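Participant: Have a peek at query_5.cif (mmCIF, C-alpha atoms).
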```cif
data_input
#
loop_
_atom_site.label_atom_id
_atom_site.label_comp_id
_atom_site.auth_asym_id
_atom_site.auth_seq_id
_atom_site.Cartn_x
_atom_site.Cartn_y
_atom_site.Cartn_z
CA MET A 22 -19.27 -5.38 2.20
CA SER A 23 -19.67 -2.51 4.55
CA ASN A 24 -20.79 1.08 4.02
CA LEU A 25 -18.36 3.95 4.39
CA LEU A 26 -18.69 7.68 4.00
CA ASN A 27 -17.04 9.26 1.02
CA ASN A 28 -15.14 12.31 2.30
CA HIS A 29 -15.79 14.22 -0.92
CA ASN A 30 -19.55 14.56 -0.55
CA ASP A 31 -20.56 12.49 2.51
CA ARG A 32 -22.35 10.06 0.19
CA VAL A 33 -22.69 6.56 1.58
CA ILE A 34 -20.60 4.13 -0.44
CA THR A 35 -22.27 0.74 -0.76
CA GLY A 36 -20.59 -2.56 -0.07
CA ALA A 37 -21.06 -3.43 -3.75
CA GLU A 38 -19.11 -0.29 -4.73
CA LEU A 39 -16.30 -1.23 -2.34
CA ALA A 40 -16.18 -4.74 -3.79
CA GLU A 41 -16.08 -3.32 -7.33
CA THR A 42 -13.21 -1.04 -6.31
CA GLY A 43 -11.35 -4.08 -4.99
CA LEU A 44 -11.91 -5.82 -8.33
CA SER A 45 -10.54 -2.81 -10.21
CA VAL A 46 -7.50 -2.51 -7.92
CA ILE A 47 -6.48 -6.16 -8.19
CA ALA A 48 -7.08 -6.17 -11.97
CA ASP A 49 -4.76 -3.15 -12.30
CA ALA A 50 -2.13 -4.77 -10.07
CA ILE A 51 -2.21 -7.94 -12.19
CA LYS A 52 -2.08 -5.97 -15.45
CA ASN A 53 0.92 -3.99 -14.21
CA GLU A 54 2.62 -7.16 -12.91
CA LEU A 55 2.72 -5.82 -9.34
CA ILE A 56 1.47 -9.06 -7.82
CA SER A 57 1.89 -12.72 -8.61
CA LEU A 58 -0.85 -15.31 -8.87
CA GLU A 59 -1.02 -19.04 -8.29
CA VAL A 60 -3.50 -21.31 -10.00
CA GLY A 61 -6.19 -22.74 -7.72
CA ARG A 62 -5.54 -26.14 -6.19
CA ILE A 63 -9.08 -27.40 -6.84
CA PHE A 64 -10.19 -25.28 -9.79
CA ASP A 65 -7.77 -24.43 -12.58
CA ASP A 66 -9.83 -21.48 -13.82
CA ILE A 67 -9.32 -19.30 -10.75
CA TYR A 68 -6.13 -17.81 -9.38
CA VAL A 69 -5.14 -16.79 -5.86
CA HIS A 70 -3.02 -14.05 -4.34
CA ALA A 71 -2.33 -13.72 -0.61
CA ASP A 72 -1.03 -10.54 0.98
CA ARG A 73 -1.06 -8.54 4.22
CA PRO A 74 -2.05 -4.93 3.58
CA GLU A 75 -1.42 -2.97 6.78
CA GLY A 76 -0.65 -6.31 8.49
CA VAL A 77 -4.11 -7.78 7.82
CA VAL A 78 -4.29 -11.19 6.12
CA ARG A 79 -6.15 -11.04 2.80
CA ILE A 80 -6.58 -13.90 0.35
CA SER A 81 -7.99 -12.93 -3.03
CA TYR A 82 -9.20 -15.13 -5.86
CA VAL A 83 -9.72 -13.93 -9.42
CA MET A 84 -11.32 -15.30 -12.56
CA PHE A 85 -10.33 -14.29 -16.07
CA SER A 86 -12.57 -13.76 -19.08
CA PRO A 87 -13.21 -16.83 -21.19
CA THR A 88 -13.00 -14.66 -24.33
CA VAL A 89 -10.75 -11.64 -23.64
CA GLN A 90 -7.14 -12.50 -22.89
CA ASN A 91 -5.91 -11.38 -19.44
CA GLU A 92 -9.15 -9.58 -18.52
CA VAL A 93 -9.98 -10.06 -14.84
CA ILE A 94 -13.75 -10.38 -14.68
CA ALA A 95 -14.41 -11.46 -11.09
CA ARG A 96 -12.80 -11.30 -7.67
CA CYS A 97 -13.55 -12.81 -4.27
CA SER A 98 -11.54 -11.86 -1.18
CA PHE A 99 -11.32 -13.12 2.38
CA VAL A 100 -10.02 -10.66 4.96
CA HIS A 101 -9.12 -11.67 8.51
CA THR A 102 -11.09 -9.32 10.77
CA GLY A 103 -10.13 -10.75 14.16
CA GLU A 104 -11.56 -13.44 16.39
CA SER A 105 -15.17 -14.38 17.16
CA LYS A 106 -16.17 -17.15 19.53
CA GLY A 107 -12.47 -17.94 19.89
CA LEU A 108 -12.12 -18.61 16.15
CA PRO A 109 -10.46 -16.64 13.35
CA HIS A 110 -13.11 -14.54 11.60
CA PHE A 111 -12.91 -13.79 7.87
CA GLN A 112 -15.07 -11.30 6.01
CA VAL A 113 -15.76 -12.30 2.39
CA ASP A 114 -16.90 -10.22 -0.56
CA TRP A 115 -17.06 -10.67 -4.31
CA ALA A 116 -17.55 -8.59 -7.44
CA VAL A 117 -18.01 -9.16 -11.17
CA LEU A 118 -17.37 -6.69 -13.99
CA SER A 119 -20.67 -5.14 -15.02
CA HIS A 120 -20.77 -6.59 -18.56
CA TYR A 121 -20.22 -10.14 -17.20
CA ARG A 122 -23.06 -9.99 -14.66
CA SER A 123 -26.15 -12.20 -14.93
CA LYS A 124 -24.05 -14.93 -16.54
CA GLY A 125 -23.28 -16.97 -13.41
CA PHE A 126 -19.78 -15.60 -12.78
CA GLY A 127 -20.68 -14.16 -9.35
CA LYS A 128 -21.87 -17.48 -8.04
CA ALA A 129 -18.95 -19.25 -9.75
CA ILE A 130 -16.23 -17.06 -8.23
CA ALA A 131 -17.86 -17.12 -4.78
CA PHE A 132 -18.35 -20.93 -4.82
CA LYS A 133 -14.91 -21.73 -6.20
CA ALA A 134 -13.09 -19.23 -3.97
CA LEU A 135 -14.94 -20.48 -0.87
CA SER A 136 -14.11 -24.09 -1.79
CA GLU A 137 -10.43 -23.22 -2.29
CA PHE A 138 -10.34 -21.16 0.92
CA ILE A 139 -11.93 -23.91 3.05
CA SER A 140 -9.66 -26.56 1.55
CA GLY A 141 -6.58 -24.47 2.24
CA MET A 142 -7.54 -23.28 5.73
CA LEU A 143 -9.09 -26.33 7.43
CA PRO A 144 -5.85 -28.35 7.63
CA HIS A 145 -4.26 -25.40 9.48
CA SER A 146 -7.23 -24.61 11.74
CA GLU A 147 -7.39 -26.83 14.80
CA ASN A 148 -10.85 -25.58 15.83
CA GLY A 149 -12.01 -24.11 12.54
CA PHE A 150 -12.82 -20.57 11.45
CA ILE A 151 -15.74 -18.30 10.66
CA VAL A 152 -16.66 -16.87 7.27
CA GLU A 153 -19.08 -13.96 7.10
CA ALA A 154 -20.54 -12.03 4.19
CA VAL A 155 -22.29 -8.76 5.00
CA VAL A 156 -24.51 -7.70 2.11
CA ASP A 157 -26.33 -4.38 1.87
CA ALA A 158 -30.12 -4.56 1.80
CA GLY A 159 -31.28 -4.38 -1.81
CA ASN A 160 -28.32 -6.29 -3.29
CA GLU A 161 -30.53 -9.24 -4.17
CA VAL A 162 -27.97 -11.07 -6.33
CA SER A 163 -25.30 -11.12 -3.63
CA MET A 164 -27.87 -12.03 -0.98
CA SER A 165 -28.96 -15.00 -3.10
CA ILE A 166 -25.36 -16.15 -3.52
CA ALA A 167 -24.63 -15.75 0.20
CA ARG A 168 -27.82 -17.62 1.16
CA GLN A 169 -26.84 -20.56 -1.06
CA LEU A 170 -23.18 -20.72 -0.09
CA ILE A 171 -23.04 -19.60 3.53
CA GLY A 172 -26.53 -19.39 5.04
CA GLY A 173 -27.04 -18.28 8.64
CA GLU A 174 -28.78 -15.08 7.58
CA GLU A 175 -29.40 -12.31 10.09
CA ILE A 176 -30.60 -8.76 9.39
CA LEU A 177 -28.46 -6.07 11.01
CA THR A 178 -28.79 -2.33 11.32
CA LYS A 179 -25.44 -0.68 10.73
CA PRO A 180 -24.73 1.76 13.56
CA ASP A 181 -22.64 4.06 11.36
CA THR A 182 -25.37 4.57 8.74
CA GLY A 183 -28.62 3.27 10.25
CA MET A 184 -29.07 1.19 7.08
CA ASN A 185 -29.97 -2.49 7.06
CA ALA A 186 -27.61 -5.20 5.91
CA HIS A 187 -27.79 -8.98 5.84
CA SER A 188 -25.10 -10.97 7.63
CA PHE A 189 -24.43 -14.52 6.45
CA LEU A 190 -22.19 -16.38 8.86
CA LYS A 191 -20.95 -19.95 9.04
CA ILE A 192 -18.40 -21.79 11.14
CA TYR A 193 -16.21 -24.20 9.20
CA SER A 194 -14.63 -26.84 11.41
CA PRO A 195 -12.43 -29.86 10.74
CA ASN A 196 -14.66 -31.76 13.18
CA TYR A 197 -17.65 -31.75 10.79
#
```
Would you mind writing the structure in this file as structure tokens?
Facilitator:
Amino acid sequence: MSNLLNNHNDRVITGAELAETGLSVIADAIKNELISLEVGRIFDDIYVHADRPEGVVRISYVMFSPTVQNEVIARCSFVHTGESKGLPHFQVDWAVLSHYRSKGFGKAIAFKALSEFISGMLPHSENGFIVEAVVDAGNEVSMSIARQLIGGEEILTKPDTGMNAHSFLKIYSPNY
């Protein structure tokens, strides 16, 4: 959930805005039947899609509305960002449609996606892997979710913007 500059007006785009854009993009791709989904292996109310945009592994999980047919209401994605401490490092973010917020869907998609991701990755990870969520300062809801699910909180100052963010990092290992 990093900050980037918007070339149109040099406005800093928040990590939450980037996550919301990702939600919109995957919802459009599903609606237009451009990608296929598989039902979760642990939870039957979330769906997964794996791809490699620009050669980078990305695994995305989505949740549909309980009341509106085929409406994607939440998304959680894991993107392979390289290696840290000799382990594969995945950045995670999540987003929920605005009118579904404050109803528990953010925590639900993050918890279920993380559970599915760990279950799928650990059997193929001899030494484990790292999951990190970077949440912009002020995004209290996402910080609360990350604290509960990942922990390992550290406050960072982003060199590109000088703004603070909270990093939540955890190593998942088959040896634990």
Participant: Just the residues within 12 Å of stretch 47-49 of chain A, please, counting all atoms listed in the file, with nothing from its chain fewer than 6 positions along; format it as a ChimeraX atom specification.
Facilitator: /A:40-41,55-58,68-72,80-86,91-98,116-118
Participant: Would you kindly translate the PyMOL selection byres ((chain A and resi 178) around 12) into the concrete residues it picks from this file, as a list in words?
Facilitator: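 Residues picked by the PyMOL selection byres ((chain A and resi 178) around 12): Ser23, Asn24, Val155, Val156, Asp157, Ala158, Glu175, Ile176, Leu177, Lys179, Pro180, Asp181, Thr182, Gly183, Met184, Asn185, Ala186, His187 and Ser188 of chain A.
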Participant: How big is the axis-aligned box, and where does its centre sit, when it encloses all atoms of stretch 184-188 of chain A listed in the file and has 4 Å added on every side, reported in Å to one decimal as AutoDock Vina command-line options?
Facilitator:
```
--center_x -27.5 --center_y -4.9 --center_z 6.7 --size_x 12.9 --size_y 20.2 --size_z 9.8
```
Participant: For a test of reading the model, state the distance in Å between atom CA of A:Trp115 and atom CA of A:Ile166, rounded to one decimal.
Facilitator: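 Atom CA of A:Ile166 lies 10.0 Å from atom CA of A:Trp115.
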Participant: Expressed in Å to a single decimal, how great is the separation between atom CA of A:Ile63 and atom CA of A:Pro195?
Facilitator: 18.1 Å
Participant: Just say which residues the PyMOL selection byres ((chain A and resi 196) around 12) picks in this file, as a PyMOL selection string.
Facilitator: chain A and resi 143-144+146-150+192-195+197
Participant: Between atom CA of A:Ser45 and atom CA of A:Ser140, what is the distance in Å, rounded to a tenth?
Facilitator: 26.5 Å
Participant: Could you expand the PyMOL selection byres ((chain A and resi 99) around 7) into the explicit residues it covers here, written as a PyMOL selection string?
Facilitator: chain A and resi 79-81+98+100-101+111-114
Participant: Next, write the just-selected residues to a file, as a PDB file, in the coordinates of the input, keeping C-alpha atoms as the atom set.
Facilitator:
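Listing of out.pdb after writing:
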```
ATOM      1  CA  ARG A  79      -6.150 -11.040   2.800  1.00  0.00           C
ATOM      2  CA  ILE A  80      -6.580 -13.900   0.350  1.00  0.00           C
ATOM      3  CA  SER A  81      -7.990 -12.930  -3.030  1.00  0.00           C
ATOM      4  CA  SER A  98     -11.540 -11.860  -1.180  1.00  0.00           C
ATOM      5  CA  VAL A 100     -10.020 -10.660   4.960  1.00  0.00           C
ATOM      6  CA  HIS A 101      -9.120 -11.670   8.510  1.00  0.00           C
ATOM      7  CA  PHE A 111     -12.910 -13.790   7.870  1.00  0.00           C
ATOM      8  CA  GLN A 112     -15.070 -11.300   6.010  1.00  0.00           C
ATOM      9  CA  VAL A 113     -15.760 -12.300   2.390  1.00  0.00           C
ATOM     10  CA  ASP A 114     -16.900 -10.220  -0.560  1.00  0.00           C
TER      11      ASP A 114
END
```
Participant: Let me make sure I understand: among A:Gln169, A:Thr102, A:Ser123, A:Ser136, which one has the smallest atom-to-atom distance to A:Gly76 if we use all atoms listed in the file?
Facilitator: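 Ranking A:Gln169, A:Thr102, A:Ser123, A:Ser136 by distance to A:Gly76, first place goes to A:Thr102.
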Participant: Of the candidates A:Gly61, A:Ile151, A:His145, A:Thr42, which one gets nearest to A:Gly107 if we count all atoms listed in the file?
Facilitator: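 Result for the nearest residue to A:Gly107: A:Ile151.
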Participant: Between A:Ile171, A:Val78, A:Val46, A:Val162, which is the closest to A:Ile139 once you count only C-alpha atoms?
Facilitator: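 Closest to A:Ile139, using only C-alpha atoms: A:Ile171.
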Participant: For A:Glu174, work out the shell of residues within 10 Å, counting only C-alpha atoms and skipping chain neighbours fewer than 6 positions away, then give it as a PyMOL selection string.
Facilitator: chain A and resi 153-155+164+167-168+187-191
